[in-house]
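A.B. asks: Here it is, the structure in full.
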Amino acid sequence: MEFLNTISLGQWKRAGRLALVAALCAALVCPFAAPGGIDAYAATGTNVQAHSADDIRAYIKASGAKTSDATKYATTPVTIGPGYNKGSLTQASLDSALKMLNQIRYIAGIDADVKLDPSQTELAQGASFINAVNGQLSHYPTQPADMSQSLFDLCNSGAQSTNIAWNYGTLGSAILDGWMEDGDSSNIDRVGHRRWMLNPKMGKTGFGKTGAYTAMYSFDASRTSSYTGVAWPAQNMPVEYFGAYYPWTFSVGSSVDGSSVKVVLKRDSDGKSWTFSSANSDGYFNVNNQGYGQIGCIIFRPSDTSYKAGDSFSVTITGAPAPISYKVNFFALEPPTPPQGNTATDDKNAASGKVTKPAAVAVKSVKSKKSRQATITWKPNSEYSGYELLLSTAKNFKKGKVKAVIKGGKKTK
């Protein structure tokens with residue numbers, strides 16, 4: 001979207017009855033489809049909430065959680081036996097992780113009010129602890145010889161009911177960069193960690209971290225929900241929350257015959273398209289009907305692509321129980337800043353699509369030549385795309401027809 005504003009410099013000199021005014025044209029390019037708007041495209045096959053870009057920005061800002069939020073201990077774990085102590089995390093660390101999870105669920109358009117559960121937090125902490133003790137990431141850990149049966153039972157139960165990860169510095173990073181990515185060779189065929197996090201029926205969870213090992217309780221289904229057709233990336237998608245390595249997923253909510261499914265992904269800017277099916281794919285493709293959250297998950301990842309703010313993609317899926325089509329609009333969480341030298345007169349208007357007033361350009365001289373000709377000189381500014389020369393023969397200048405749009409700081413006309 002391009003906005004143009006022409007501002008008269010108000011500095012002009014007369015040569016006889018000749019009057020010249022130099023005016024600058026400043027163009028601001030906005031890298032998202034609309035300031036907070038959602039594309040008017042009607043999605044089919046999904047009944048999630050499609051939040052606007054501005055709604056998502058506001059939610060994430062109010063949430064305040066970042067992947068860089070430090071994960072700290074309230075009680076430091078002791079991983080050397082026999083005096084084991086699984087430790088615990090600070091409330092601030094748990095709250096930050098929960099907010100990050102709810103951010104993701106809000107973007108996806110499902111209920112984003114998951115709560116922390118103390119018992120699930122104990123299980124998640126136990127899962128991270130037993131993996132740290134063993135020095136191995138596993139859902140089925142072995143029991144150390146000097147660990148009590150009661151502690152191991154808790155840790156073992158936790159390991160079998162959580163998302164687990166290794167070598168993420170914070171819980172927030174494990175959530176977004178690990179479990180939500182799920183694009184490595186051992187996970188992409190089902191994208192199970194992501195699907196647990198985007199399970200519409202999740203109402204509670206808990207988190208744990210011991211050293212480099214993290215965990216999140218995943219098996220909760222305490223909520224009644226009718227949401228189906230959960231997509232990631234979502235219809236309006238912060239580009240900061242997705243990357244080229246991330247697979248696309250669409251969870252139908254019912255069993256899908258993978259041999260019948262065909263996906264067409266099209267980039268709207270240049271019309272480039274990718275096709276995915278069990279017979280032939282322009283990248284990775286699979287359909288998984290296992291019970292990781294919602295069943296019937298269609299998984300695809302285009303080859304040789306990347307995503308930036310302003311990109312828009314159309315998705316069409318045939319062969320599922322019902323037709324599926326939707327758009328994904330990528331946007332930046334931080335709207336673009338105007339070029340240096342432009343003075344914002346009204347930030348609110350600028351955010352809504354109205355252009356701010358550029359700084360004035362001073363006319364140095366106007367030299368009269370023959371009839372209706374003159375040489376005008378001013379100091380150019382590299383931030384501006386060009387300048388308008390407006391000509392009037394009236395004594396009292398009024399803006400008239402544009403005679404030229406030029407690039408340099410000197411022009412004879």
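The chains in the structure tokens are called A, B, ... from first to last as shown; in each chain the residues are counted from 1, and the ligands are counted from 1 in the order shown.
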Can you tell me, as a ChimeraX atom specification, which residues in region 79-146 of chain A count as helix (DSSP H, G or I) by DSSP?
C.D. replies: /A:91-108,118-134
A.B. asks: Tell me, counting only C-alpha atoms, for each residue of region 126-207 of chain A within 7 Å of region 56-77 of chain A, which pair of atoms is nearest and how far apart they are in Å to one decimal, in rows ordered by chain and increasing number, as CSV.
C.D. replies:
```
residue,atom,partner,partner_atom,distance
A:Thr170,CA,A:Thr71,CA,5.4
A:Leu171,CA,A:Thr71,CA,6.4
A:Gly172,CA,A:Thr67,CA,4.1
A:Ser173,CA,A:Thr67,CA,4.7
```
A.B. asks: Using only C-alpha atoms, which residue out of A:Thr205, A:Ser226, A:Ser303, A:Ser325 lies closest to Thr162 (chain A)?
C.D. replies: A:Thr205
A.B. asks: Near Leu137 (chain A), within 9 Å and counting only C-alpha atoms, which residues show up once chain neighbours fewer than 2 positions away are dropped, as a list in words?
C.D. replies: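 Close residues of Leu137 (chain A): Ser128, Ile130, Asn131, Ala132, Asn134, Gly135, His139, Tyr140, Pro141, Ile164, Ala165, Trp166 and Tyr213 of chain A.
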A.B. asks: Compile the contact shell of region 120-123 of chain A as a JSON list (two decimals) with all heavy atoms, in the first residue's frame: residues with an atom at most 12 Å away, counting only C-alpha atoms, same-chain residues fewer than 3 positions apart removed.
C.D. replies:
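Generated output (result15.json):
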```
[["chain", "number", "residue", "atom", "x", "y", "z"],
["A", 86, "LYS", "N", 14.06, -31.93, 42.92],
["A", 86, "LYS", "CA", 13.68, -31.53, 41.56],
["A", 86, "LYS", "C", 13.58, -30.03, 41.40],
["A", 86, "LYS", "O", 13.55, -29.52, 40.27],
["A", 86, "LYS", "CB", 12.37, -32.19, 41.14],
["A", 86, "LYS", "CG", 11.15, -31.78, 41.93],
["A", 86, "LYS", "CD", 9.93, -32.52, 41.41],
["A", 86, "LYS", "CE", 8.71, -32.25, 42.25],
["A", 86, "LYS", "NZ", 8.40, -30.82, 42.40],
["A", 87, "GLY", "N", 13.56, -29.29, 42.50],
["A", 87, "GLY", "CA", 13.53, -27.83, 42.41],
["A", 87, "GLY", "C", 12.20, -27.30, 41.92],
["A", 87, "GLY", "O", 11.22, -28.04, 41.71],
["A", 88, "SER", "N", 12.15, -26.00, 41.72],
["A", 88, "SER", "CA", 10.93, -25.34, 41.24],
["A", 88, "SER", "C", 11.31, -24.02, 40.58],
["A", 88, "SER", "O", 12.40, -23.49, 40.80],
["A", 88, "SER", "CB", 9.95, -25.09, 42.40],
["A", 88, "SER", "OG", 10.53, -24.23, 43.37],
["A", 89, "LEU", "N", 10.40, -23.49, 39.78],
["A", 89, "LEU", "CA", 10.63, -22.24, 39.07],
["A", 89, "LEU", "C", 9.90, -21.10, 39.76],
["A", 89, "LEU", "O", 8.91, -21.30, 40.47],
["A", 89, "LEU", "CB", 10.13, -22.35, 37.63],
["A", 89, "LEU", "CG", 10.79, -23.43, 36.77],
["A", 89, "LEU", "CD1", 10.16, -23.46, 35.38],
["A", 89, "LEU", "CD2", 12.29, -23.22, 36.67],
["A", 90, "THR", "N", 10.39, -19.89, 39.53],
["A", 90, "THR", "CA", 9.71, -18.72, 40.09],
["A", 90, "THR", "C", 8.35, -18.54, 39.43],
["A", 90, "THR", "O", 8.14, -18.97, 38.29],
["A", 90, "THR", "CB", 10.54, -17.45, 39.88],
["A", 90, "THR", "OG1", 10.65, -17.20, 38.46],
["A", 90, "THR", "CG2", 11.92, -17.57, 40.50],
["A", 91, "GLN", "N", 7.46, -17.90, 40.15],
["A", 91, "GLN", "CA", 6.14, -17.64, 39.59],
["A", 91, "GLN", "C", 6.23, -16.77, 38.35],
["A", 91, "GLN", "O", 5.49, -16.96, 37.37],
["A", 91, "GLN", "CB", 5.24, -16.97, 40.63],
["A", 91, "GLN", "CG", 3.77, -16.88, 40.22],
["A", 91, "GLN", "CD", 3.15, -18.26, 40.03],
["A", 91, "GLN", "OE1", 3.31, -19.13, 40.88],
["A", 91, "GLN", "NE2", 2.43, -18.45, 38.94],
["A", 93, "SER", "N", 8.59, -16.74, 36.15],
["A", 93, "SER", "CA", 9.02, -17.57, 35.02],
["A", 93, "SER", "C", 7.86, -18.40, 34.47],
["A", 93, "SER", "O", 7.67, -18.52, 33.25],
["A", 93, "SER", "CB", 10.15, -18.51, 35.46],
["A", 93, "SER", "OG", 11.29, -17.78, 35.85],
["A", 94, "LEU", "N", 7.06, -18.96, 35.36],
["A", 94, "LEU", "CA", 5.89, -19.74, 34.94],
["A", 94, "LEU", "C", 4.87, -18.85, 34.25],
["A", 94, "LEU", "O", 4.29, -19.24, 33.22],
["A", 94, "LEU", "CB", 5.26, -20.43, 36.15],
["A", 94, "LEU", "CG", 6.11, -21.50, 36.84],
["A", 94, "LEU", "CD1", 5.47, -21.91, 38.16],
["A", 94, "LEU", "CD2", 6.30, -22.71, 35.93],
["A", 95, "ASP", "N", 4.65, -17.67, 34.80],
["A", 95, "ASP", "CA", 3.68, -16.74, 34.20],
["A", 95, "ASP", "C", 4.10, -16.33, 32.80],
["A", 95, "ASP", "O", 3.27, -16.22, 31.89],
["A", 95, "ASP", "CB", 3.53, -15.50, 35.08],
["A", 95, "ASP", "CG", 2.79, -15.79, 36.38],
["A", 95, "ASP", "OD1", 2.12, -16.84, 36.47],
["A", 95, "ASP", "OD2", 2.88, -14.97, 37.31],
["A", 97, "ALA", "N", 5.98, -18.02, 30.65],
["A", 97, "ALA", "CA", 5.78, -19.14, 29.73],
["A", 97, "ALA", "C", 4.30, -19.30, 29.38],
["A", 97, "ALA", "O", 3.94, -19.54, 28.21],
["A", 97, "ALA", "CB", 6.31, -20.42, 30.36],
["A", 98, "LEU", "N", 3.43, -19.16, 30.37],
["A", 98, "LEU", "CA", 2.00, -19.27, 30.11],
["A", 98, "LEU", "C", 1.53, -18.17, 29.17],
["A", 98, "LEU", "O", 0.72, -18.43, 28.24],
["A", 98, "LEU", "CB", 1.23, -19.20, 31.43],
["A", 98, "LEU", "CG", -0.29, -19.33, 31.30],
["A", 98, "LEU", "CD1", -0.67, -20.74, 30.87],
["A", 98, "LEU", "CD2", -0.98, -18.97, 32.62],
["A", 115, "LYS", "N", -4.78, -21.77, 31.94],
["A", 115, "LYS", "CA", -4.31, -21.44, 33.30],
["A", 115, "LYS", "C", -3.21, -22.40, 33.74],
["A", 115, "LYS", "O", -3.10, -23.51, 33.24],
["A", 115, "LYS", "CB", -5.49, -21.54, 34.29],
["A", 115, "LYS", "CG", -6.69, -20.66, 33.96],
["A", 115, "LYS", "CD", -6.37, -19.19, 34.07],
["A", 115, "LYS", "CE", -7.64, -18.32, 34.05],
["A", 115, "LYS", "NZ", -8.42, -18.46, 32.82],
["A", 116, "LEU", "N", -2.42, -21.95, 34.69],
["A", 116, "LEU", "CA", -1.42, -22.82, 35.31],
["A", 116, "LEU", "C", -2.10, -23.73, 36.32],
["A", 116, "LEU", "O", -2.95, -23.30, 37.09],
["A", 116, "LEU", "CB", -0.35, -21.99, 36.01],
["A", 116, "LEU", "CG", 0.66, -21.26, 35.13],
["A", 116, "LEU", "CD1", 1.51, -20.32, 35.98],
["A", 116, "LEU", "CD2", 1.56, -22.25, 34.38],
["A", 117, "ASP", "N", -1.70, -25.00, 36.30],
["A", 117, "ASP", "CA", -2.21, -25.98, 37.26],
["A", 117, "ASP", "C", -1.04, -26.47, 38.10],
["A", 117, "ASP", "O", -0.03, -26.94, 37.54],
["A", 117, "ASP", "CB", -2.86, -27.15, 36.51],
["A", 117, "ASP", "CG", -3.41, -28.19, 37.46],
["A", 117, "ASP", "OD1", -4.54, -28.01, 37.93],
["A", 117, "ASP", "OD2", -2.69, -29.17, 37.73],
["A", 126, "GLY", "N", 9.13, -32.29, 37.05],
["A", 126, "GLY", "CA", 9.68, -33.64, 37.20],
["A", 126, "GLY", "C", 10.23, -34.18, 35.89],
["A", 126, "GLY", "O", 11.28, -34.84, 35.86],
["A", 127, "ALA", "N", 9.54, -33.91, 34.79],
["A", 127, "ALA", "CA", 10.00, -34.38, 33.48],
["A", 127, "ALA", "C", 11.34, -33.76, 33.13],
["A", 127, "ALA", "O", 12.26, -34.45, 32.66],
["A", 127, "ALA", "CB", 8.96, -34.05, 32.42],
["A", 128, "SER", "N", 11.45, -32.45, 33.31],
["A", 128, "SER", "CA", 12.73, -31.79, 33.01],
["A", 128, "SER", "C", 13.83, -32.29, 33.94],
["A", 128, "SER", "O", 14.99, -32.47, 33.53],
["A", 128, "SER", "CB", 12.59, -30.27, 33.11],
["A", 128, "SER", "OG", 12.44, -29.84, 34.46],
["A", 129, "PHE", "N", 13.47, -32.56, 35.18],
["A", 129, "PHE", "CA", 14.45, -32.98, 36.18],
["A", 129, "PHE", "C", 15.03, -34.36, 35.87],
["A", 129, "PHE", "O", 16.26, -34.54, 35.86],
["A", 129, "PHE", "CB", 13.79, -32.98, 37.57],
["A", 129, "PHE", "CG", 14.71, -33.43, 38.67],
["A", 129, "PHE", "CD1", 15.74, -32.64, 39.12],
["A", 129, "PHE", "CD2", 14.54, -34.68, 39.26],
["A", 129, "PHE", "CE1", 16.60, -33.07, 40.13],
["A", 129, "PHE", "CE2", 15.37, -35.12, 40.27],
["A", 129, "PHE", "CZ", 16.40, -34.31, 40.71],
["A", 130, "ILE", "N", 14.18, -35.34, 35.58],
["A", 130, "ILE", "CA", 14.69, -36.69, 35.33],
["A", 130, "ILE", "C", 15.54, -36.74, 34.07],
["A", 130, "ILE", "O", 16.55, -37.47, 33.99],
["A", 130, "ILE", "CB", 13.53, -37.72, 35.25],
["A", 130, "ILE", "CG1", 14.08, -39.16, 35.25],
["A", 130, "ILE", "CG2", 12.65, -37.48, 34.04],
["A", 130, "ILE", "CD1", 14.83, -39.54, 36.50],
["A", 151, "LEU", "N", 9.71, -40.31, 43.86],
["A", 151, "LEU", "CA", 10.19, -39.22, 43.02],
["A", 151, "LEU", "C", 10.27, -39.66, 41.56],
["A", 151, "LEU", "O", 9.85, -38.92, 40.66],
["A", 151, "LEU", "CB", 11.57, -38.74, 43.50],
["A", 151, "LEU", "CG", 12.22, -37.63, 42.66],
["A", 151, "LEU", "CD1", 11.32, -36.40, 42.58],
["A", 151, "LEU", "CD2", 13.60, -37.26, 43.23],
["A", 152, "PHE", "N", 10.77, -40.87, 41.35],
["A", 152, "PHE", "CA", 10.85, -41.35, 39.96],
["A", 152, "PHE", "C", 9.47, -41.50, 39.34],
["A", 152, "PHE", "O", 9.27, -41.16, 38.16],
["A", 152, "PHE", "CB", 11.59, -42.68, 39.88],
["A", 152, "PHE", "CG", 11.62, -43.23, 38.48],
["A", 152, "PHE", "CD1", 12.43, -42.66, 37.51],
["A", 152, "PHE", "CD2", 10.80, -44.30, 38.12],
["A", 152, "PHE", "CE1", 12.42, -43.15, 36.20],
["A", 152, "PHE", "CE2", 10.79, -44.79, 36.82],
["A", 152, "PHE", "CZ", 11.61, -44.21, 35.85],
["A", 153, "ASP", "N", 8.52, -42.01, 40.08],
["A", 153, "ASP", "CA", 7.17, -42.19, 39.54],
["A", 153, "ASP", "C", 6.60, -40.85, 39.08],
["A", 153, "ASP", "O", 5.96, -40.77, 38.01],
["A", 153, "ASP", "CB", 6.25, -42.81, 40.59],
["A", 153, "ASP", "CG", 6.55, -44.30, 40.80],
["A", 153, "ASP", "OD1", 7.27, -44.89, 39.97],
["A", 153, "ASP", "OD2", 6.06, -44.85, 41.81],
["A", 154, "LEU", "N", 6.79, -39.80, 39.87],
["A", 154, "LEU", "CA", 6.30, -38.48, 39.48],
["A", 154, "LEU", "C", 7.02, -38.01, 38.21],
["A", 154, "LEU", "O", 6.38, -37.52, 37.27],
["A", 154, "LEU", "CB", 6.52, -37.48, 40.61],
["A", 154, "LEU", "CG", 6.00, -36.05, 40.38],
["A", 154, "LEU", "CD1", 5.47, -35.45, 41.66],
["A", 154, "LEU", "CD2", 7.06, -35.14, 39.77],
["A", 155, "CYS", "N", 8.34, -38.14, 38.20],
["A", 155, "CYS", "CA", 9.12, -37.69, 37.04],
["A", 155, "CYS", "C", 8.79, -38.49, 35.79],
["A", 155, "CYS", "O", 8.66, -37.93, 34.69],
["A", 155, "CYS", "CB", 10.61, -37.80, 37.35],
["A", 155, "CYS", "SG", 11.20, -36.73, 38.68],
["A", 156, "ASN", "N", 8.62, -39.79, 35.94],
["A", 156, "ASN", "CA", 8.31, -40.66, 34.82],
["A", 156, "ASN", "C", 6.93, -40.34, 34.25],
["A", 156, "ASN", "O", 6.74, -40.28, 33.02],
["A", 156, "ASN", "CB", 8.37, -42.11, 35.27],
["A", 156, "ASN", "CG", 8.18, -43.08, 34.12],
["A", 156, "ASN", "OD1", 8.77, -42.92, 33.06],
["A", 156, "ASN", "ND2", 7.35, -44.10, 34.32],
["A", 157, "SER", "N", 5.97, -40.11, 35.13],
["A", 157, "SER", "CA", 4.63, -39.72, 34.68],
["A", 157, "SER", "C", 4.68, -38.39, 33.94],
["A", 157, "SER", "O", 4.01, -38.21, 32.90],
["A", 157, "SER", "CB", 3.68, -39.64, 35.87],
["A", 157, "SER", "OG", 2.39, -39.21, 35.47],
["A", 158, "GLY", "N", 5.46, -37.47, 34.47],
["A", 158, "GLY", "CA", 5.61, -36.18, 33.81],
["A", 158, "GLY", "C", 6.23, -36.30, 32.43],
["A", 158, "GLY", "O", 5.79, -35.67, 31.47],
["A", 159, "ALA", "N", 7.26, -37.11, 32.31],
["A", 159, "ALA", "CA", 7.95, -37.26, 31.03],
["A", 159, "ALA", "C", 7.04, -37.83, 29.95],
["A", 159, "ALA", "O", 7.20, -37.53, 28.76],
["A", 159, "ALA", "CB", 9.18, -38.15, 31.21],
["A", 160, "GLN", "N", 6.08, -38.65, 30.36],
["A", 160, "GLN", "CA", 5.19, -39.28, 29.39],
["A", 160, "GLN", "C", 3.96, -38.43, 29.05],
["A", 160, "GLN", "O", 3.16, -38.82, 28.20],
["A", 160, "GLN", "CB", 4.73, -40.64, 29.92],
["A", 160, "GLN", "CG", 5.88, -41.65, 30.05],
["A", 160, "GLN", "CD", 5.41, -43.01, 30.50],
["A", 160, "GLN", "OE1", 4.36, -43.49, 30.09],
["A", 160, "GLN", "NE2", 6.20, -43.66, 31.36],
["A", 161, "SER", "N", 3.82, -37.29, 29.68],
["A", 161, "SER", "CA", 2.64, -36.46, 29.46],
["A", 161, "SER", "C", 3.00, -35.00, 29.14],
["A", 161, "SER", "O", 2.17, -34.10, 29.30],
["A", 161, "SER", "CB", 1.72, -36.51, 30.68],
["A", 161, "SER", "OG", 2.42, -36.12, 31.85],
["A", 162, "THR", "N", 4.23, -34.78, 28.69],
["A", 162, "THR", "CA", 4.68, -33.42, 28.43],
["A", 162, "THR", "C", 5.37, -33.31, 27.08],
["A", 162, "THR", "O", 5.87, -34.28, 26.53],
["A", 162, "THR", "CB", 5.68, -32.94, 29.51],
["A", 162, "THR", "OG1", 6.78, -33.88, 29.56],
["A", 162, "THR", "CG2", 5.03, -32.83, 30.88],
["A", 163, "ASN", "N", 5.39, -32.08, 26.56],
["A", 163, "ASN", "CA", 6.36, -31.72, 25.53],
["A", 163, "ASN", "C", 7.70, -31.55, 26.23],
["A", 163, "ASN", "O", 7.77, -30.88, 27.27],
["A", 163, "ASN", "CB", 5.99, -30.39, 24.87],
["A", 163, "ASN", "CG", 4.85, -30.51, 23.87],
["A", 163, "ASN", "OD1", 4.42, -31.60, 23.53],
["A", 163, "ASN", "ND2", 4.36, -29.38, 23.39],
["A", 164, "ILE", "N", 8.74, -32.11, 25.69],
["A", 164, "ILE", "CA", 10.06, -31.97, 26.31],
["A", 164, "ILE", "C", 11.04, -31.43, 25.27],
["A", 164, "ILE", "O", 10.84, -31.60, 24.06],
["A", 164, "ILE", "CB", 10.58, -33.29, 26.91],
["A", 164, "ILE", "CG1", 10.59, -34.41, 25.86],
["A", 164, "ILE", "CG2", 9.73, -33.69, 28.12],
["A", 164, "ILE", "CD1", 11.17, -35.74, 26.36],
["A", 203, "GLY", "N", -7.16, -26.52, 28.69],
["A", 203, "GLY", "CA", -7.59, -25.47, 29.60],
["A", 203, "GLY", "C", -6.56, -25.16, 30.66],
["A", 203, "GLY", "O", -6.56, -24.07, 31.25],
["A", 204, "LYS", "N", -5.65, -26.13, 30.92],
["A", 204, "LYS", "CA", -4.63, -25.98, 31.97],
["A", 204, "LYS", "C", -3.32, -26.55, 31.48],
["A", 204, "LYS", "O", -3.28, -27.36, 30.55],
["A", 204, "LYS", "CB", -5.07, -26.71, 33.25],
["A", 204, "LYS", "CG", -6.38, -26.25, 33.84],
["A", 204, "LYS", "CD", -6.75, -27.05, 35.08],
["A", 204, "LYS", "CE", -7.12, -28.48, 34.72],
["A", 204, "LYS", "NZ", -7.57, -29.26, 35.92],
["A", 205, "THR", "N", -2.25, -26.11, 32.11],
["A", 205, "THR", "CA", -0.93, -26.65, 31.78],
["A", 205, "THR", "C", 0.03, -26.35, 32.92],
["A", 205, "THR", "O", -0.33, -25.76, 33.93],
["A", 205, "THR", "CB", -0.40, -26.06, 30.45],
["A", 205, "THR", "OG1", 0.76, -26.80, 30.04],
["A", 205, "THR", "CG2", -0.01, -24.61, 30.61],
["A", 206, "GLY", "N", 1.27, -26.79, 32.74],
["A", 206, "GLY", "CA", 2.35, -26.50, 33.68],
["A", 206, "GLY", "C", 3.67, -26.56, 32.95],
["A", 206, "GLY", "O", 3.77, -27.16, 31.87],
["A", 207, "PHE", "N", 4.70, -25.94, 33.50],
["A", 207, "PHE", "CA", 6.00, -25.86, 32.86],
["A", 207, "PHE", "C", 7.10, -26.25, 33.83],
["A", 207, "PHE", "O", 6.96, -26.10, 35.06],
["A", 207, "PHE", "CB", 6.27, -24.44, 32.35],
["A", 207, "PHE", "CG", 5.26, -23.94, 31.37],
["A", 207, "PHE", "CD1", 4.14, -23.22, 31.81],
["A", 207, "PHE", "CD2", 5.41, -24.18, 30.01],
["A", 207, "PHE", "CE1", 3.20, -22.76, 30.91],
["A", 207, "PHE", "CE2", 4.46, -23.73, 29.11],
["A", 207, "PHE", "CZ", 3.36, -23.02, 29.56],
["A", 208, "GLY", "N", 8.20, -26.75, 33.27],
["A", 208, "GLY", "CA", 9.35, -27.10, 34.09],
["A", 208, "GLY", "C", 10.65, -26.86, 33.34],
["A", 208, "GLY", "O", 10.68, -26.89, 32.10],
["A", 209, "LYS", "N", 11.71, -26.63, 34.10],
["A", 209, "LYS", "CA", 13.04, -26.47, 33.49],
["A", 209, "LYS", "C", 14.09, -26.87, 34.51],
["A", 209, "LYS", "O", 14.06, -26.43, 35.67],
["A", 209, "LYS", "CB", 13.28, -25.04, 33.02],
["A", 209, "LYS", "CG", 14.59, -24.86, 32.23],
["A", 209, "LYS", "CD", 14.72, -23.44, 31.71],
["A", 209, "LYS", "CE", 15.88, -23.32, 30.71],
["A", 209, "LYS", "NZ", 17.18, -23.65, 31.29],
["A", 214, "THR", "N", 13.76, -28.69, 29.26],
["A", 214, "THR", "CA", 12.50, -28.01, 29.52],
["A", 214, "THR", "C", 11.33, -28.97, 29.27],
["A", 214, "THR", "O", 11.47, -29.97, 28.56],
["A", 214, "THR", "CB", 12.35, -26.78, 28.60],
["A", 214, "THR", "OG1", 12.61, -27.17, 27.25],
["A", 214, "THR", "CG2", 13.30, -25.67, 29.01],
["A", 215, "ALA", "N", 10.18, -28.63, 29.84],
["A", 215, "ALA", "CA", 8.99, -29.46, 29.67],
["A", 215, "ALA", "C", 7.74, -28.61, 29.83],
["A", 215, "ALA", "O", 7.73, -27.59, 30.53],
["A", 215, "ALA", "CB", 8.98, -30.60, 30.68],
["A", 216, "MET", "N", 6.68, -29.04, 29.16],
["A", 216, "MET", "CA", 5.36, -28.40, 29.26],
["A", 216, "MET", "C", 4.30, -29.49, 29.27],
["A", 216, "MET", "O", 4.28, -30.35, 28.38],
["A", 216, "MET", "CB", 5.12, -27.46, 28.07],
["A", 216, "MET", "CG", 3.71, -26.89, 28.03],
["A", 216, "MET", "SD", 3.36, -26.09, 26.45],
["A", 216, "MET", "CE", 1.63, -26.55, 26.26],
["A", 217, "TYR", "N", 3.42, -29.46, 30.25],
["A", 217, "TYR", "CA", 2.36, -30.46, 30.33],
["A", 217, "TYR", "C", 1.43, -30.28, 29.13],
["A", 217, "TYR", "O", 0.97, -29.17, 28.82],
["A", 217, "TYR", "CB", 1.58, -30.34, 31.63],
["A", 217, "TYR", "CG", 0.63, -31.50, 31.83],
["A", 217, "TYR", "CD1", 1.07, -32.69, 32.39],
["A", 217, "TYR", "CD2", -0.70, -31.42, 31.41],
["A", 217, "TYR", "CE1", 0.22, -33.78, 32.55],
["A", 217, "TYR", "CE2", -1.56, -32.49, 31.57],
["A", 217, "TYR", "CZ", -1.09, -33.67, 32.14],
["A", 217, "TYR", "OH", -1.95, -34.74, 32.28],
["A", 218, "SER", "N", 1.11, -31.39, 28.44],
["A", 218, "SER", "CA", 0.42, -31.30, 27.16],
["A", 218, "SER", "C", -0.91, -32.03, 27.08],
["A", 218, "SER", "O", -1.68, -31.79, 26.14],
["A", 218, "SER", "CB", 1.33, -31.87, 26.05],
["A", 218, "SER", "OG", 2.56, -31.20, 26.02],
["A", 219, "PHE", "N", -1.18, -32.92, 28.02],
["A", 219, "PHE", "CA", -2.32, -33.84, 27.85],
["A", 219, "PHE", "C", -3.64, -33.31, 28.39],
["A", 219, "PHE", "O", -4.64, -34.03, 28.40],
["A", 219, "PHE", "CB", -2.01, -35.18, 28.53],
["A", 219, "PHE", "CG", -1.08, -36.06, 27.74],
["A", 219, "PHE", "CD1", -0.47, -35.60, 26.58],
["A", 219, "PHE", "CD2", -0.81, -37.35, 28.15],
["A", 219, "PHE", "CE1", 0.40, -36.40, 25.86],
["A", 219, "PHE", "CE2", 0.05, -38.17, 27.44],
["A", 219, "PHE", "CZ", 0.66, -37.69, 26.28],
["A", 220, "ASP", "N", -3.69, -32.08, 28.84],
["A", 220, "ASP", "CA", -4.94, -31.57, 29.40],
["A", 220, "ASP", "C", -6.00, -31.40, 28.31],
["A", 220, "ASP", "O", -5.73, -30.91, 27.21],
["A", 220, "ASP", "CB", -4.71, -30.22, 30.08],
["A", 220, "ASP", "CG", -5.98, -29.69, 30.73],
["A", 220, "ASP", "OD1", -6.33, -30.18, 31.81],
["A", 220, "ASP", "OD2", -6.63, -28.80, 30.14]]
```
A.B. asks: For Met147 (chain A), which residue out of A:Ile175, A:Asn85, A:His193, A:Gly109 is the nearest one, using only C-alpha atoms?
C.D. replies: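 Smallest separation from Met147 (chain A) among the options: A:Asn85.
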A.B. asks: Per DSSP on the backbone, what are the strand (DSSP E) residues of region 28-242 of chain A, as a PyMOL selection string?
C.D. replies: chain A and resi 28-29+73-75+88-89+115-116+162-166+204-205+207-210+213-217+230-232+236-238
A.B. asks: Closest to Asn286 (chain A) among A:Thr305, A:Ser52, A:Ser254, A:Thr249, using only C-alpha atoms?
C.D. replies: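 Between A:Thr305, A:Ser52, A:Ser254, A:Thr249, the residue approaching Asn286 (chain A) most closely is A:Thr249.
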